[in-house]
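Chemist: Take a look at this one; I'll ask things after.
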Amino acid sequence: MQIHESFASALLAPEETPPAGLSAWSGPVGRRFRVYRDNVAIGLKNVLASRFPVVEKLVGDAFFAAMAEVFVSAHPPRSPLLLNYGDDLPDFLAGFEPVAELPYLADVARLEIARSRAYHAEDAAPLDPQALAAVLPERLAEIRFRAHPSLAVIRSPHPIGTIWAMNSGEAEPAPITDWRGEDVLVCRPHMLVETRVLPPGGALFVGALAEGATLGAAYATAAASVADFDLTLHLTGLIQAGCFTALEPLEPQP
C-alpha cells in the first residue's frame with residue numbers, strides 16, 4: 001500500500017521524484033515515469049475540457065490548460081471512473097484568485113455539471129400531457145409528479161443561462177444589457193439535453209414538485225414569492241420540457 005500511495009502522490013506532483021522501487025523495461029526509470037506522469041496529466045486536463053467546454057471558451061484555451069494543471073494537482077481523481085471528475089471545479093473556481101473578475105464562472109461550471117449528469121442519467125419517457133385530463137378538476141391541487149431522473153435546476157445571481165447559450169452555440173453572442181440572476185432548468189427527456197431559463201418563481205415551483213409536494217402546495221410556495229405567478233404557464237412549460245415521467249397515485253378520498 002505504501003508504494004501505491006507514494007506512486008499516486010508523485011504522479012500528480014511534478015516537483016517530486018519517482019518513488020523508490022520502480023523499474024522500467026526500457027530507458028531510465030525517471031524518464032519513463034515523467035512520460036507516464038505527463039500522459040496522466042494531459043488525460044485529466046482533456047476530461048475537464050470535454051466536461052466544461054463553455055468554461056474553457058470563457059477563459060481561453062491557454063488559461064484553461066494552466067488552470068486545469070493547478071486543479072489536477074490539488075484534486076486528484078478519487079475513482080478510476082472519470083465520469084464525475086471535475087465535480088469540485090465550481091468550488092475551486094469560486095476561490096481561484098485569477099478568475100475573481102469572473103464571478104459567474106463557478107455557476108457556469110455548475111450548469112455544465114448538471115448538463116453532464118443529465119446526459120448520463122437514466123432514460124425515462126416523459127409524462128404524456130393527456131394524463132392531466134384524466135384527473136378530476138376538483139382534485140388537481142392534490143396531484144404529485146414524479147420527476148425525470150435527469151431533472152436539475154441551477155440558481156445563480158448571474159445570467160448563467162444566457163452566458164452559457166451565447167458561448168455554446170445555442171444563441172448568438174451579444175452584449176448582456178440586463179444583467180440579472182437566472183434560474184436554469186436542465187433536463188434530457190429524449191436524446192438531447194435541454195437547457196432553458198425559468199421565469200420568476202419557476203425554480204421554487206419545479207423544486208417543490210420534484211421534492212414531492214402536491215401541485216397546490218407547490219403553487220402556494222411559488223405564489224408567495226412571485227405575486228403574479230402564472231400556474232398554467234409554468235406547468236405547461238415544465239410538461240413540454242419533459243420534466244416529469246408520471247403522476248403519483250392520488251390518495252383515496254375519505
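All residue names refer to the C-alpha cells as shown: chains lettered A, B, ... in order, residues numbered from 1 in each chain, ligands numbered from 1 in order.
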So that I can check the surroundings of range 137-151 of chain A, please list as a PDB file with C-alpha atoms, in the first residue's frame every protein, DNA and RNA residue that reaches within 9 Å of it, counting only C-alpha atoms and ignoring chain neighbours fewer than 4 positions away.
Modeler:
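To be explicit, this is the file written out as around-v7.pdb:
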ATOM      1  CA  ALA A 114     -25.830  19.467 -14.419  1.00  0.00           C
ATOM      2  CA  ARG A 115     -25.840  19.021 -18.186  1.00  0.00           C
ATOM      3  CA  ARG A 117     -25.202  14.439 -15.303  1.00  0.00           C
ATOM      4  CA  ALA A 118     -28.414  14.813 -17.289  1.00  0.00           C
ATOM      5  CA  TYR A 119     -26.727  13.316 -20.335  1.00  0.00           C
ATOM      6  CA  HIS A 120     -25.745  10.216 -18.369  1.00  0.00           C
ATOM      7  CA  ALA A 121     -28.948   9.975 -16.320  1.00  0.00           C
ATOM      8  CA  GLU A 122     -31.307   7.036 -16.593  1.00  0.00           C
ATOM      9  CA  ASP A 123     -33.604   7.107 -19.619  1.00  0.00           C
ATOM     10  CA  ALA A 124     -37.276   7.665 -18.872  1.00  0.00           C
ATOM     11  CA  ALA A 125     -40.250   8.519 -21.053  1.00  0.00           C
ATOM     12  CA  PRO A 126     -41.673  11.963 -20.265  1.00  0.00           C
ATOM     13  CA  LEU A 127     -45.183  12.360 -18.952  1.00  0.00           C
ATOM     14  CA  LEU A 132     -53.736  15.533 -16.570  1.00  0.00           C
ATOM     15  CA  ALA A 133     -57.001  15.341 -18.478  1.00  0.00           C
ATOM     16  CA  LEU A 185     -33.663  24.198 -15.912  1.00  0.00           C
ATOM     17  CA  VAL A 186     -31.735  21.180 -17.230  1.00  0.00           C
ATOM     18  CA  CYS A 187     -33.477  18.039 -18.460  1.00  0.00           C
ATOM     19  CA  ARG A 188     -32.984  15.267 -21.024  1.00  0.00           C
ATOM     20  CA  PRO A 189     -36.444  13.935 -21.871  1.00  0.00           C
ATOM     21  CA  VAL A 193     -30.039  17.645 -23.020  1.00  0.00           C
ATOM     22  CA  LEU A 209     -42.827  19.411  -7.271  1.00  0.00           C
ATOM     23  CA  ALA A 210     -39.580  17.446  -7.660  1.00  0.00           C
ATOM     24  CA  GLU A 211     -39.407  17.024  -3.869  1.00  0.00           C
ATOM     25  CA  GLY A 212     -42.911  15.525  -3.786  1.00  0.00           C
ATOM     26  CA  ALA A 213     -45.126  18.489  -2.980  1.00  0.00           C
ATOM     27  CA  THR A 214     -48.660  18.498  -4.311  1.00  0.00           C
ATOM     28  CA  LEU A 215     -49.496  20.832  -7.169  1.00  0.00           C
ATOM     29  CA  GLY A 216     -51.440  23.048  -4.763  1.00  0.00           C
ATOM     30  CA  ALA A 217     -48.599  23.259  -2.266  1.00  0.00           C
ATOM     31  CA  TYR A 219     -48.190  26.707  -6.392  1.00  0.00           C
ATOM     32  CA  GLY A 242     -40.315  16.653 -20.208  1.00  0.00           C
ATOM     33  CA  CYS A 243     -39.512  17.336 -16.556  1.00  0.00           C
ATOM     34  CA  PHE A 244     -41.864  14.650 -15.237  1.00  0.00           C
ATOM     35  CA  THR A 245     -42.410  10.999 -16.051  1.00  0.00           C
ATOM     36  CA  ALA A 246     -45.679  10.177 -14.301  1.00  0.00           C
ATOM     37  CA  LEU A 247     -48.368  11.303 -11.903  1.00  0.00           C
ATOM     38  CA  GLU A 248     -48.259   9.721  -8.467  1.00  0.00           C
ATOM     39  CA  PRO A 249     -51.467   7.879  -7.488  1.00  0.00           C
ATOM     40  CA  LEU A 250     -53.943  10.073  -5.669  1.00  0.00           C
ATOM     41  CA  GLU A 251     -54.735   9.308  -2.059  1.00  0.00           C
TER      42      GLU A 251
END
Chemist: Once DSSP has gone over the backbone, tell me which residues of range 100-253 of chain A are in strand (DSSP E or B), as a VMD selection string.
Modeler: chain A and resid 145 to 147 152 to 156 182 to 187 194 to 197 244 to 247
Chemist: Tell me which protein, DNA and RNA residues are within 7 Å of Ala222 in chain A, counting only C-alpha atoms, leaving out same-chain ones fewer than 3 positions away, and put them as a ChimeraX atom specification.
Modeler: /A:201,204-205,218-219,225-226,229
Chemist: Could you save the residues just selected, with C-alpha atoms, as a short mmCIF file (atom, residue, chain, number, x, y, z; two decimals), in the first residue's frame?
Modeler:
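In the end it all went to selection.cif:
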data_model
loop_
_atom_site.label_atom_id
_atom_site.label_comp_id
_atom_site.auth_asym_id
_atom_site.auth_seq_id
_atom_site.Cartn_x
_atom_site.Cartn_y
_atom_site.Cartn_z
CA GLY A 201 -40.85 31.64 -9.43
CA LEU A 204 -39.33 27.28 -6.47
CA PHE A 205 -42.26 25.69 -8.29
CA ALA A 218 -46.01 23.93 -4.99
CA TYR A 219 -48.19 26.71 -6.39
CA SER A 225 -42.54 34.63 -3.80
CA VAL A 226 -43.98 35.96 -7.08
CA PHE A 229 -47.19 33.67 -10.67
#
Chemist: Determine, counting only C-alpha atoms, which protein, DNA and RNA residues have an atom within 10 Å of an atom of range 90-99 of chain A; residues of the same chain fewer than 4 positions away are not included. Present the result as a CSV table (one decimal) with N, CA and C atoms, in the first residue's frame.
Modeler:
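New file selection-v5.csv:
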chain,number,residue,atom,x,y,z
A,59,VAL,N,-12.6,31.5,-20.6
A,59,VAL,CA,-11.3,31.9,-20.2
A,59,VAL,C,-10.2,31.7,-21.2
A,63,PHE,N,-5.3,29.6,-20.9
A,63,PHE,CA,-5.6,29.9,-19.5
A,63,PHE,C,-6.2,28.6,-18.9
A,67,MET,N,-4.9,26.5,-15.7
A,67,MET,CA,-5.8,26.4,-14.6
A,67,MET,C,-6.1,24.9,-14.3
A,70,VAL,N,-3.3,23.3,-12.3
A,70,VAL,CA,-3.4,23.6,-10.8
A,70,VAL,C,-4.5,22.7,-10.2
A,71,PHE,N,-5.7,22.6,-10.9
A,71,PHE,CA,-6.8,21.9,-10.3
A,71,PHE,C,-6.4,20.4,-10.2
A,74,ALA,N,-4.3,19.6,-7.2
A,74,ALA,CA,-5.0,19.8,-5.9
A,74,ALA,C,-6.1,18.8,-5.7
A,75,HIS,N,-6.7,18.3,-6.9
A,75,HIS,CA,-7.9,17.5,-6.8
A,75,HIS,C,-7.7,16.2,-7.7
A,86,GLY,N,-14.2,16.4,-11.9
A,86,GLY,CA,-14.4,17.8,-12.1
A,86,GLY,C,-15.6,18.3,-11.3
A,103,PRO,N,-17.1,36.4,-11.6
A,103,PRO,CA,-17.8,35.8,-10.5
A,103,PRO,C,-18.8,34.8,-11.0
A,104,TYR,N,-19.2,34.8,-12.2
A,104,TYR,CA,-20.3,33.9,-12.7
A,104,TYR,C,-19.7,32.6,-13.2
A,105,LEU,N,-18.3,32.5,-13.2
A,105,LEU,CA,-17.7,31.3,-13.8
A,105,LEU,C,-18.0,30.0,-13.1
A,106,ALA,N,-18.0,30.1,-11.7
A,106,ALA,CA,-18.3,28.9,-10.9
A,106,ALA,C,-19.7,28.4,-11.2
A,107,ASP,N,-20.7,29.3,-11.3
A,107,ASP,CA,-22.1,28.8,-11.6
A,107,ASP,C,-22.2,28.3,-13.0
A,108,VAL,N,-21.5,28.9,-14.0
A,108,VAL,CA,-21.5,28.3,-15.3
A,108,VAL,C,-21.0,26.8,-15.3
A,109,ALA,N,-19.9,26.6,-14.4
A,109,ALA,CA,-19.4,25.3,-14.3
A,109,ALA,C,-20.4,24.3,-13.6
A,110,ARG,N,-21.2,24.9,-12.7
A,110,ARG,CA,-22.3,24.1,-12.1
A,110,ARG,C,-23.3,23.7,-13.1
A,111,LEU,N,-23.6,24.6,-14.0
A,111,LEU,CA,-24.6,24.3,-15.1
A,111,LEU,C,-24.0,23.2,-16.0
A,112,GLU,N,-22.8,23.3,-16.3
A,112,GLU,CA,-22.2,22.3,-17.2
A,112,GLU,C,-22.2,20.9,-16.5
A,113,ILE,N,-21.9,20.9,-15.2
A,113,ILE,CA,-22.0,19.6,-14.5
A,113,ILE,C,-23.4,19.1,-14.5
Chemist: Could you pull the residues within 7 Å of range 167-184 of chain A, counting only C-alpha atoms, minus those fewer than 6 positions along the same chain, as an MDAnalysis selection string?
Modeler: chainID A and resid 54 153:161 195:198 203
Chemist: Provide the CA of Arg51 in chain A to CA of His190 in chain A distance in Å, to one decimal place.
Modeler: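 It comes out at 20.1 Å.
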Chemist: Could you give me the residues within range 148-177 of chain A that DSSP places in alpha helix (DSSP H), as a ChimeraX atom specification?
Modeler: /A:160-168
Chemist: Have a look at CA of Pro76 in chain A and CA of Glu56 in chain A and let me know their distance in Å, one decimal.
Modeler: 19.5 Å
Chemist: In Å, rounded to a single decimal, give me how far CA of Leu192 in chain A is from CA of Ala131 in chain A.
Modeler: 23.6 Å
Chemist: Could you check which of A:Pro200, A:Ile42, A:Ala152, A:Val72 is closest to Ala227 in chain A, using only C-alpha atoms?
Modeler: A:Pro200
